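Source file: protein_27.csv (CSV, C-alpha atoms and all ligand atoms)
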chain,number,residue,atom,x,y,z
A,1,MET,CA,0.0,0.0,0.0
A,2,GLY,CA,1.4,3.4,-1.0
A,3,LEU,CA,1.2,6.5,1.1
A,4,PRO,CA,-1.8,8.8,0.3
A,5,PRO,CA,-0.6,11.8,-1.7
A,6,ALA,CA,0.2,15.0,0.2
A,7,LEU,CA,-2.7,17.3,0.5
A,8,GLY,CA,-3.1,20.0,-2.1
A,9,LYS,CA,-4.2,23.5,-1.4
A,10,VAL,CA,-7.2,25.6,-2.5
A,11,TYR,CA,-6.9,29.2,-3.3
A,12,LEU,CA,-10.2,31.1,-3.1
A,13,VAL,CA,-9.4,33.9,-5.5
A,14,GLY,CA,-11.2,37.1,-6.5
A,15,ALA,CA,-10.7,37.8,-10.2
A,16,GLY,CA,-11.9,41.5,-9.9
A,17,PHE,CA,-15.0,42.8,-11.7
A,18,GLY,CA,-13.8,43.4,-15.3
A,19,GLY,CA,-10.8,42.6,-17.5
A,20,PRO,CA,-7.5,41.2,-16.3
A,21,GLU,CA,-6.1,44.6,-15.4
A,22,HIS,CA,-8.0,44.5,-12.1
A,23,LEU,CA,-6.3,41.3,-11.0
A,24,THR,CA,-4.0,41.5,-7.9
A,25,LEU,CA,-0.5,40.2,-8.2
A,26,LYS,CA,-1.4,37.6,-5.7
A,27,ALA,CA,-4.3,36.4,-7.8
A,28,LEU,CA,-2.1,36.3,-10.9
A,29,ARG,CA,0.4,34.1,-8.9
A,30,ALA,CA,-2.3,31.8,-7.9
A,31,LEU,CA,-3.5,31.5,-11.5
A,32,GLU,CA,0.0,30.6,-12.5
A,33,GLU,CA,0.3,28.0,-9.8
A,34,GLY,CA,-3.1,26.4,-9.9
A,35,GLU,CA,-3.4,23.0,-11.6
A,36,VAL,CA,-7.1,23.1,-11.8
A,37,VAL,CA,-9.2,26.3,-12.0
A,38,LEU,CA,-12.8,26.1,-11.0
A,39,HIS,CA,-14.4,29.3,-12.2
A,40,ASP,CA,-17.7,31.2,-12.2
A,41,ARG,CA,-19.5,32.7,-15.2
A,42,LEU,CA,-18.6,36.2,-13.9
A,43,VAL,CA,-14.9,35.8,-14.6
A,44,HIS,CA,-13.7,37.8,-17.6
A,45,PRO,CA,-12.2,35.7,-20.5
A,46,GLY,CA,-9.1,37.8,-20.3
A,47,VAL,CA,-8.5,36.5,-16.8
A,48,LEU,CA,-9.1,32.9,-17.7
A,49,ALA,CA,-6.5,33.3,-20.5
A,50,LEU,CA,-3.9,33.9,-17.8
A,51,ALA,CA,-4.6,30.6,-16.1
A,52,ARG,CA,-2.0,27.8,-16.7
A,53,GLY,CA,-4.0,24.9,-15.3
A,54,GLN,CA,-7.1,23.1,-16.5
A,55,LEU,CA,-10.2,25.4,-16.7
A,56,VAL,CA,-13.4,23.9,-15.3
A,57,PRO,CA,-16.6,26.1,-15.4
A,58,VAL,CA,-18.8,25.7,-12.3
A,59,GLY,CA,-21.8,27.4,-10.8
A,60,LYS,CA,-23.9,30.2,-12.0
A,61,GLU,CA,-23.8,34.0,-11.8
A,62,GLY,CA,-23.8,35.1,-8.2
A,63,TYR,CA,-25.8,32.6,-6.0
A,64,GLY,CA,-25.6,29.2,-7.7
A,65,ALA,CA,-28.2,26.6,-7.0
A,66,ARG,CA,-27.8,24.8,-3.7
A,67,THR,CA,-27.0,21.3,-5.2
A,68,GLU,CA,-24.4,22.9,-7.6
A,69,GLN,CA,-22.8,24.5,-4.6
A,70,GLU,CA,-22.5,21.2,-2.8
A,71,ALA,CA,-21.0,19.6,-5.9
A,72,ILE,CA,-18.4,22.4,-6.0
A,73,HIS,CA,-17.5,21.8,-2.3
A,74,ARG,CA,-17.0,18.1,-2.9
A,75,LEU,CA,-15.0,18.7,-6.1
A,76,MET,CA,-12.6,21.1,-4.3
A,77,VAL,CA,-12.0,18.6,-1.5
A,78,GLN,CA,-11.6,15.7,-3.8
A,79,LEU,CA,-9.0,17.5,-5.9
A,80,ALA,CA,-7.1,18.7,-2.9
A,81,ARG,CA,-7.0,15.2,-1.5
A,82,GLU,CA,-5.5,14.0,-4.7
A,83,GLY,CA,-2.7,16.5,-4.0
A,84,ARG,CA,-3.6,19.1,-6.5
A,85,THR,CA,-3.4,22.9,-6.3
A,86,VAL,CA,-6.8,24.2,-6.9
A,87,VAL,CA,-7.9,27.8,-7.7
A,88,ARG,CA,-11.5,28.6,-7.0
A,89,LEU,CA,-11.9,31.7,-9.1
A,90,LYS,CA,-14.8,34.1,-8.6
A,91,GLY,CA,-15.8,37.4,-10.1
A,92,GLY,CA,-15.0,40.5,-7.9
A,93,ASP,CA,-14.1,39.6,-4.3
A,94,PRO,CA,-14.8,36.0,-3.2
A,95,MET,CA,-16.3,37.2,0.1
A,96,VAL,CA,-18.9,39.6,-1.4
A,97,PHE,CA,-22.0,37.6,-2.5
A,98,GLY,CA,-19.6,34.9,-3.8
A,99,ARG,CA,-20.1,32.2,-1.2
A,100,GLY,CA,-16.4,32.4,-0.4
A,101,GLY,CA,-17.3,32.2,3.3
A,102,GLU,CA,-19.3,28.9,2.8
A,103,GLU,CA,-16.5,27.4,0.8
A,104,ALA,CA,-13.9,28.4,3.3
A,105,LEU,CA,-15.9,26.8,6.2
A,106,PHE,CA,-16.4,23.6,4.2
A,107,LEU,CA,-12.6,23.4,3.4
A,108,LYS,CA,-11.8,24.1,7.0
A,109,GLU,CA,-14.1,21.3,8.3
A,110,ALA,CA,-12.6,18.9,5.7
A,111,GLY,CA,-9.1,19.8,6.9
A,112,ILE,CA,-8.0,21.1,3.5
A,113,PRO,CA,-5.4,24.0,3.6
A,114,TYR,CA,-6.7,27.1,1.8
A,115,GLU,CA,-6.0,30.7,1.3
A,116,VAL,CA,-8.3,33.6,0.5
A,117,VAL,CA,-7.1,36.0,-2.2
A,118,PRO,CA,-9.1,39.3,-2.2
A,119,GLY,CA,-10.3,40.8,-5.5
A,120,VAL,CA,-11.7,44.2,-6.6
A,121,THR,CA,-15.4,43.9,-6.0
A,122,SER,CA,-17.8,45.2,-8.6
A,123,ALA,CA,-19.7,46.9,-5.7
A,124,VAL,CA,-16.9,49.5,-5.5
A,125,GLY,CA,-14.7,49.1,-8.6
A,126,ALA,CA,-17.5,49.1,-11.2
A,127,LEU,CA,-18.4,52.6,-9.9
A,128,SER,CA,-15.0,54.1,-9.5
A,129,SER,CA,-13.8,52.9,-12.9
A,130,LEU,CA,-16.7,54.9,-14.4
A,131,GLY,CA,-15.8,58.0,-12.4
A,132,LEU,CA,-18.6,57.5,-9.9
A,133,PRO,CA,-17.4,58.1,-6.3
A,134,LEU,CA,-19.2,56.2,-3.5
A,135,THR,CA,-18.6,59.0,-1.1
A,136,HIS,CA,-18.2,62.7,-1.9
A,137,ARG,CA,-17.9,65.6,0.5
A,138,GLY,CA,-21.3,67.3,0.9
A,139,LEU,CA,-23.2,64.6,-1.0
A,140,ALA,CA,-22.6,61.3,0.7
A,141,HIS,CA,-20.6,60.3,3.7
A,142,SER,CA,-21.7,56.6,3.8
A,143,PHE,CA,-22.4,53.8,1.4
A,144,ALA,CA,-23.9,50.4,1.8
A,145,VAL,CA,-23.9,47.3,-0.4
A,146,ALA,CA,-26.8,44.9,-0.4
A,147,THR,CA,-28.4,42.2,-2.5
A,148,GLY,CA,-31.3,43.4,-4.6
A,149,HIS,CA,-32.5,40.0,-5.6
A,150,ASP,CA,-35.1,39.8,-2.7
A,151,PRO,CA,-37.1,43.1,-2.2
A,152,SER,CA,-38.8,41.6,0.8
A,153,LEU,CA,-35.6,42.3,2.7
A,154,PRO,CA,-35.2,45.8,4.2
A,155,LEU,CA,-32.6,48.0,2.6
A,156,PRO,CA,-29.7,49.3,4.7
A,157,GLN,CA,-29.4,53.0,5.7
A,158,ALA,CA,-26.7,54.8,3.8
A,159,ASP,CA,-26.3,57.9,1.6
A,160,THR,CA,-25.2,55.8,-1.4
A,161,LEU,CA,-26.8,52.4,-1.9
A,162,VAL,CA,-25.3,49.8,-4.2
A,163,LEU,CA,-27.6,46.9,-5.0
A,164,LEU,CA,-26.1,43.7,-6.6
A,165,MET,CA,-28.3,41.3,-8.6
A,166,PRO,CA,-31.1,43.8,-8.9
A,167,LEU,CA,-32.4,43.1,-12.4
A,168,HIS,CA,-35.2,40.6,-11.7
A,169,ALA,CA,-36.6,42.7,-8.8
A,170,LEU,CA,-36.6,46.3,-10.0
A,171,GLY,CA,-40.4,46.7,-9.4
A,172,GLY,CA,-40.2,45.6,-5.8
A,173,LEU,CA,-37.0,47.5,-5.2
A,174,LYS,CA,-38.7,50.7,-6.3
A,175,GLY,CA,-41.3,50.4,-3.5
A,176,ARG,CA,-38.5,49.8,-1.0
A,177,LEU,CA,-36.4,52.7,-2.3
A,178,LEU,CA,-39.4,55.1,-2.0
A,179,GLU,CA,-39.5,54.3,1.7
A,180,ARG,CA,-36.3,56.2,2.1
A,181,PHE,CA,-35.4,58.2,-1.0
A,182,SER,CA,-37.5,60.8,-2.9
A,183,PRO,CA,-38.8,59.8,-6.3
A,184,GLU,CA,-36.3,62.3,-7.9
A,185,THR,CA,-33.2,60.8,-6.3
A,186,PRO,CA,-30.8,60.0,-9.1
A,187,LEU,CA,-29.8,56.4,-9.8
A,188,ALA,CA,-27.7,54.5,-12.3
A,189,LEU,CA,-27.9,51.0,-13.7
A,190,LEU,CA,-24.4,49.8,-14.6
A,191,ALA,CA,-24.3,46.7,-16.8
A,192,ARG,CA,-21.3,44.6,-17.8
A,193,VAL,CA,-18.8,47.1,-16.5
A,194,GLY,CA,-15.3,46.3,-18.0
A,195,TRP,CA,-16.8,43.8,-20.3
A,196,GLU,CA,-17.9,43.9,-23.9
A,197,GLY,CA,-21.4,45.4,-24.1
A,198,GLU,CA,-20.9,47.7,-21.1
A,199,GLU,CA,-23.9,49.9,-20.6
A,200,VAL,CA,-24.8,52.7,-18.3
A,201,ARG,CA,-28.4,53.9,-17.8
A,202,LEU,CA,-29.1,57.1,-15.7
A,203,GLY,CA,-32.5,57.9,-14.2
A,204,ARG,CA,-34.4,58.5,-11.0
A,205,VAL,CA,-36.1,56.3,-8.5
A,206,GLU,CA,-39.4,57.0,-10.2
A,207,ASP,CA,-38.0,55.6,-13.5
A,208,LEU,CA,-37.9,52.1,-12.2
A,209,PRO,CA,-38.6,49.4,-13.2
A,210,GLY,CA,-38.8,50.5,-16.9
A,211,LEU,CA,-35.3,51.9,-16.9
A,212,GLY,CA,-33.9,48.4,-16.6
A,213,GLU,CA,-35.8,46.9,-19.5
A,214,GLY,CA,-33.7,44.8,-21.8
A,215,LEU,CA,-30.5,45.5,-19.9
A,216,PRO,CA,-27.9,42.8,-20.1
A,217,SER,CA,-26.5,41.1,-17.0
A,218,PRO,CA,-24.5,41.3,-14.8
A,219,ALA,CA,-25.7,44.7,-13.7
A,220,LEU,CA,-25.8,46.6,-10.5
A,221,LEU,CA,-27.9,49.5,-9.3
A,222,VAL,CA,-26.5,52.7,-7.6
A,223,VAL,CA,-28.9,55.0,-5.8
A,224,GLY,CA,-28.0,58.4,-4.3
A,225,GLU,CA,-26.9,62.0,-5.0
A,226,VAL,CA,-23.4,60.9,-6.0
A,227,VAL,CA,-24.9,59.7,-9.3
A,228,SER,CA,-25.4,63.3,-10.3
A,229,LEU,CA,-21.6,63.5,-10.6
A,230,TYR,CA,-21.5,60.9,-13.3
A,231,GLY,CA,-19.6,62.1,-16.4
A,232,ARG,CA,-18.3,65.2,-14.5
A,233,LEU,CA,-15.2,63.7,-12.9
A,234,LEU,CA,-13.5,61.9,-15.8
A,235,PRO,CA,-10.7,63.8,-17.5
B,301,LIG,N1,-18.3,38.6,-5.8
B,301,LIG,C1,-18.9,39.5,-6.8
B,301,LIG,C2,-20.4,39.7,-6.7
B,301,LIG,C3,-21.1,38.4,-7.1
B,301,LIG,S1,-22.9,38.6,-7.1
B,301,LIG,C4,-18.2,40.9,-6.6
B,301,LIG,O1,-17.5,41.1,-5.6
B,301,LIG,O2,-18.3,41.7,-7.5
B,301,LIG,C5,-23.1,39.0,-8.8
B,301,LIG,C6,-23.5,40.4,-9.0
B,301,LIG,O3,-22.4,41.3,-9.1
B,301,LIG,C7,-24.2,40.7,-10.4
B,301,LIG,O4,-25.5,40.4,-10.4
B,301,LIG,C8,-24.0,42.2,-10.5
B,301,LIG,O5,-24.9,42.9,-9.7
B,301,LIG,C9,-22.6,42.4,-9.9
B,301,LIG,N2,-21.5,42.4,-10.9
B,301,LIG,C10,-20.5,41.6,-11.0
B,301,LIG,N3,-19.7,41.9,-12.1
B,301,LIG,C11,-20.3,43.0,-12.6
B,301,LIG,C12,-19.9,43.9,-13.7
B,301,LIG,N4,-18.8,43.6,-14.5
B,301,LIG,N5,-20.7,44.9,-14.0
B,301,LIG,C13,-21.8,45.2,-13.3
B,301,LIG,N6,-22.2,44.4,-12.3
B,301,LIG,C14,-21.4,43.4,-11.9

Write out the structure in this file as structure tokens.
Ligand code: SAH
Amino acid sequence: MGLPPALGKVYLVGAGFGGPEHLTLKALRALEEGEVVLHDRLVHPGVLALARGQLVPVGKEGYGARTEQEAIHRLMVQLAREGRTVVRLKGGDPMVFGRGGEEALFLKEAGIPYEVVPGVTSAVGALSSLGLPLTHRGLAHSFAVATGHDPSLPLPQADTLVLLMPLHALGGLKGRLLERFSPETPLALLARVGWEGEEVRLGRVEDLPGLGEGLPSPALLVVGEVVSLYGRLLP
């Protein structure tokens, strides 16, 4: 009987929100080291092109179905037990609506060594790359990030609100937003930022849900006075 192979390692890596220029050096190193790369749909093709290992698409955009998630857990553990270096590659930051926490817990319980590699989250980077500040003296001194996919959840209190996964719930979100913002409050829908087909739609709370009609995904919703600065800060 031979010895079991030494345990491999799993890197839970954030790929950033757009093209490969938003990768961290640490993420790039993990991509060069990983023998198997389990990646989401939200990872830009330019990032995948930098991986040296075998590419395996898993999961869906954002929250994958529960069974898929369990299959991903099992696959990571199995590969690591075979001694492989695994990169679990996610759009943005792995700990922002990316199930990175669940995956880390599962690996910990299975005794698999892992490391979390942060990424530039779309919740911040998609705005700043378009010249939209999240805070601005006199306009906004706080921001909050929440999921928009379930309008039955209360929205957080902040001057600037960033809602991820909002597209299927814009009607319900309008009602929620009107509880705290005036109908004239500016908002922006940012779709596919940093990807082909990038699209920005500007409007006001009262323009929902129609403003989002036909918009491609992934997209996020920004609400607050900072949106009035759009187009005024870029050189
Ligand atoms: N972990 C990711 C978020 C996963 S949830 C992160 O940190 O960015 C998926 C949601 O992220 C999408 O529904 C959308 O709201 C947002 N998103 C991700 N990439 C995006 C992009 N390039 N442009 C606009 N929104 C994006």

* Contacts to ligand LIG 301 (chain B) at 8 Å cut-off (all atoms listed in the file) as a ChimeraX atom specification -> /A:14,16-18,42,61-63,90-98,119-123,126,163-167,190-195,198,217-221

* To do: Rounded to one decimal place, report the CA of Leu134 in chain A-CA of Asp159 in chain A distance in Å.
  =>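 Between CA of Leu134 in chain A and CA of Asp159 in chain A the gap is 8.9 Å.
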
* Asked: Quick one: of A:Gln78, A:Gln157, A:Ser228, A:Gln69, who's nearest to Leu132 in chain A, counting all atoms listed in the file?
  -> A:Ser228

Neighbours of Lys26 in chain A within 10 Å (all atoms listed in the file; same-chain residues fewer than 3 positions away dropped), as a PDB file with C-alpha atoms, in the coordinates of the input?
ATOM      1  CA  VAL A  13      -9.400  33.900  -5.500  1.00  0.00           C
ATOM      2  CA  GLY A  14     -11.200  37.100  -6.500  1.00  0.00           C
ATOM      3  CA  LEU A  23      -6.300  41.300 -11.000  1.00  0.00           C
ATOM      4  CA  ARG A  29       0.400  34.100  -8.900  1.00  0.00           C
ATOM      5  CA  ALA A  30      -2.300  31.800  -7.900  1.00  0.00           C
ATOM      6  CA  LEU A  31      -3.500  31.500 -11.500  1.00  0.00           C
ATOM      7  CA  GLU A  32       0.000  30.600 -12.500  1.00  0.00           C
ATOM      8  CA  VAL A 117      -7.100  36.000  -2.200  1.00  0.00           C
ATOM      9  CA  PRO A 118      -9.100  39.300  -2.200  1.00  0.00           C
ATOM     10  CA  GLY A 119     -10.300  40.800  -5.500  1.00  0.00           C
TER      11      GLY A 119
END

* Asked: Do you know which residues are at most 8 Å from Leu202 in chain A counting all atoms listed in the file, after dropping those on the same chain fewer than 3 positions away, and could you put them as a ChimeraX atom specification?
  -> /A:186-189

Kindly save the residues from that selection, with C-alpha atoms included, as a compact mmCIF listing (two decimals), in the coordinates of the input.
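Saved to selection.txt:
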# COMPACT_ATOMS: atom_id res chain seq x y z
CA PRO A 186 -30.80 60.00 -9.10
CA LEU A 187 -29.80 56.40 -9.80
CA ALA A 188 -27.70 54.50 -12.30
CA LEU A 189 -27.90 51.00 -13.70

* To do: May I have the protein, DNA and RNA residues with any atom at most 12 Å from the point (-37.5, 51.4, 2.2), counting only C-alpha atoms, written as a ChimeraX atom specification?
  => /A:151-158,161,172-182,205

Just C-alpha atoms for this one: save the residues we selected as a PDB file, keeping the file's coordinate frame.
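In the end it all went to selection_7.pdb:
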ATOM      1  CA  PRO A 151     -37.100  43.100  -2.200  1.00  0.00           C
ATOM      2  CA  SER A 152     -38.800  41.600   0.800  1.00  0.00           C
ATOM      3  CA  LEU A 153     -35.600  42.300   2.700  1.00  0.00           C
ATOM      4  CA  PRO A 154     -35.200  45.800   4.200  1.00  0.00           C
ATOM      5  CA  LEU A 155     -32.600  48.000   2.600  1.00  0.00           C
ATOM      6  CA  PRO A 156     -29.700  49.300   4.700  1.00  0.00           C
ATOM      7  CA  GLN A 157     -29.400  53.000   5.700  1.00  0.00           C
ATOM      8  CA  ALA A 158     -26.700  54.800   3.800  1.00  0.00           C
ATOM      9  CA  LEU A 161     -26.800  52.400  -1.900  1.00  0.00           C
ATOM     10  CA  GLY A 172     -40.200  45.600  -5.800  1.00  0.00           C
ATOM     11  CA  LEU A 173     -37.000  47.500  -5.200  1.00  0.00           C
ATOM     12  CA  LYS A 174     -38.700  50.700  -6.300  1.00  0.00           C
ATOM     13  CA  GLY A 175     -41.300  50.400  -3.500  1.00  0.00           C
ATOM     14  CA  ARG A 176     -38.500  49.800  -1.000  1.00  0.00           C
ATOM     15  CA  LEU A 177     -36.400  52.700  -2.300  1.00  0.00           C
ATOM     16  CA  LEU A 178     -39.400  55.100  -2.000  1.00  0.00           C
ATOM     17  CA  GLU A 179     -39.500  54.300   1.700  1.00  0.00           C
ATOM     18  CA  ARG A 180     -36.300  56.200   2.100  1.00  0.00           C
ATOM     19  CA  PHE A 181     -35.400  58.200  -1.000  1.00  0.00           C
ATOM     20  CA  SER A 182     -37.500  60.800  -2.900  1.00  0.00           C
ATOM     21  CA  VAL A 205     -36.100  56.300  -8.500  1.00  0.00           C
TER      22      VAL A 205
END

* To do: Grab the CA of Asp150 in chain A to CA of Val162 in chain A distance for me, in Å with one decimal place.
  => 14.1 Å

* Which is closest to Met76 in chain A among A:Val43, A:Val226, A:Leu107, A:Val56, if we use all atoms listed in the file? ->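 Going through A:Val43, A:Val226, A:Leu107, A:Val56 one by one, the smallest distance to Met76 in chain A is for A:Leu107.
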
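Distance annotation: of A:Leu139, A:Leu89, A:Gly111, A:Asp40, the residue with the minimal separation from Glu68 in chain A is A:Asp40; atom set is only C-alpha atoms.
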
* Nearest to Pro57 in chain A: which of A:Ile112, A:Val200, A:Pro45, A:His39 is it, counting only C-alpha atoms? -> A:His39

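Between Ala27 in chain A and the candidates A:Gly131, A:Arg81, A:Val116, A:Val223, the tightest atom-to-atom separation, counting only C-alpha atoms, involves A:Val116.
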
For range 7-12 of chain A, find every residue with an atom within 6 Å (counting all atoms listed in the file), except residues of its own chain fewer than 2 positions away, and show them as a PDB file with C-alpha atoms, in the coordinates of the input.
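part07.pdb written:
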ATOM      1  CA  ALA A  80      -7.100  18.700  -2.900  1.00  0.00           C
ATOM      2  CA  ARG A  81      -7.000  15.200  -1.500  1.00  0.00           C
ATOM      3  CA  GLY A  83      -2.700  16.500  -4.000  1.00  0.00           C
ATOM      4  CA  ARG A  84      -3.600  19.100  -6.500  1.00  0.00           C
ATOM      5  CA  THR A  85      -3.400  22.900  -6.300  1.00  0.00           C
ATOM      6  CA  VAL A  86      -6.800  24.200  -6.900  1.00  0.00           C
ATOM      7  CA  VAL A  87      -7.900  27.800  -7.700  1.00  0.00           C
ATOM      8  CA  ARG A  88     -11.500  28.600  -7.000  1.00  0.00           C
ATOM      9  CA  PRO A 113      -5.400  24.000   3.600  1.00  0.00           C
ATOM     10  CA  TYR A 114      -6.700  27.100   1.800  1.00  0.00           C
ATOM     11  CA  GLU A 115      -6.000  30.700   1.300  1.00  0.00           C
ATOM     12  CA  VAL A 116      -8.300  33.600   0.500  1.00  0.00           C
ATOM     13  CA  VAL A 117      -7.100  36.000  -2.200  1.00  0.00           C
TER      14      VAL A 117
END

Output requested as a compact mmCIF listing (two decimals), keeping the file's coordinate frame - range 26-48 of chain A, filled out with N, CA and C atoms.
# COMPACT_ATOMS: atom_id res chain seq x y z
N LYS A 26 -1.21 38.84 -6.39
CA LYS A 26 -1.40 37.60 -5.70
C LYS A 26 -2.33 36.64 -6.44
N ALA A 27 -3.37 37.22 -7.02
CA ALA A 27 -4.30 36.40 -7.80
C ALA A 27 -3.61 35.87 -9.05
N LEU A 28 -2.79 36.71 -9.65
CA LEU A 28 -2.10 36.30 -10.90
C LEU A 28 -1.13 35.10 -10.51
N ARG A 29 -0.44 35.22 -9.37
CA ARG A 29 0.40 34.10 -8.90
C ARG A 29 -0.34 32.84 -8.72
N ALA A 30 -1.49 32.96 -8.10
CA ALA A 30 -2.30 31.80 -7.90
C ALA A 30 -2.75 31.16 -9.19
N LEU A 31 -3.08 32.02 -10.17
CA LEU A 31 -3.50 31.50 -11.50
C LEU A 31 -2.36 30.79 -12.19
N GLU A 32 -1.13 31.24 -11.92
CA GLU A 32 0.00 30.60 -12.50
C GLU A 32 0.35 29.26 -11.86
N GLU A 33 -0.03 29.18 -10.59
CA GLU A 33 0.30 28.00 -9.80
C GLU A 33 -0.77 26.92 -9.87
N GLY A 34 -2.02 27.33 -10.03
CA GLY A 34 -3.10 26.40 -9.90
C GLY A 34 -3.12 25.35 -11.03
N GLU A 35 -3.30 24.08 -10.64
CA GLU A 35 -3.40 23.00 -11.60
C GLU A 35 -4.77 22.85 -12.18
N VAL A 36 -5.75 23.16 -11.34
CA VAL A 36 -7.10 23.10 -11.80
C VAL A 36 -7.79 24.45 -11.35
N VAL A 37 -8.53 25.06 -12.28
CA VAL A 37 -9.20 26.30 -12.00
C VAL A 37 -10.68 26.19 -12.13
N LEU A 38 -11.37 26.23 -11.00
CA LEU A 38 -12.80 26.10 -11.00
C LEU A 38 -13.38 27.55 -11.02
N HIS A 39 -14.03 27.94 -12.11
CA HIS A 39 -14.40 29.30 -12.20
C HIS A 39 -15.87 29.57 -12.48
N ASP A 40 -16.32 30.75 -12.05
CA ASP A 40 -17.70 31.20 -12.20
C ASP A 40 -17.87 31.80 -13.64
N ARG A 41 -19.14 32.05 -13.98
CA ARG A 41 -19.50 32.70 -15.20
C ARG A 41 -19.01 34.21 -15.20
N LEU A 42 -18.85 34.75 -13.99
CA LEU A 42 -18.60 36.20 -13.90
C LEU A 42 -17.09 36.51 -14.04
N VAL A 43 -16.28 35.51 -14.41
CA VAL A 43 -14.90 35.80 -14.60
C VAL A 43 -14.58 36.12 -16.05
N HIS A 44 -13.95 37.26 -16.26
CA HIS A 44 -13.70 37.80 -17.60
C HIS A 44 -12.77 36.82 -18.39
N PRO A 45 -13.05 36.61 -19.69
CA PRO A 45 -12.20 35.70 -20.50
C PRO A 45 -10.74 36.08 -20.50
N GLY A 46 -10.46 37.36 -20.38
CA GLY A 46 -9.10 37.80 -20.30
C GLY A 46 -8.33 37.32 -19.09
N VAL A 47 -9.09 37.09 -18.02
CA VAL A 47 -8.50 36.50 -16.80
C VAL A 47 -8.27 35.04 -16.97
N LEU A 48 -9.27 34.38 -17.54
CA LEU A 48 -9.10 32.90 -17.70
C LEU A 48 -7.94 32.61 -18.63
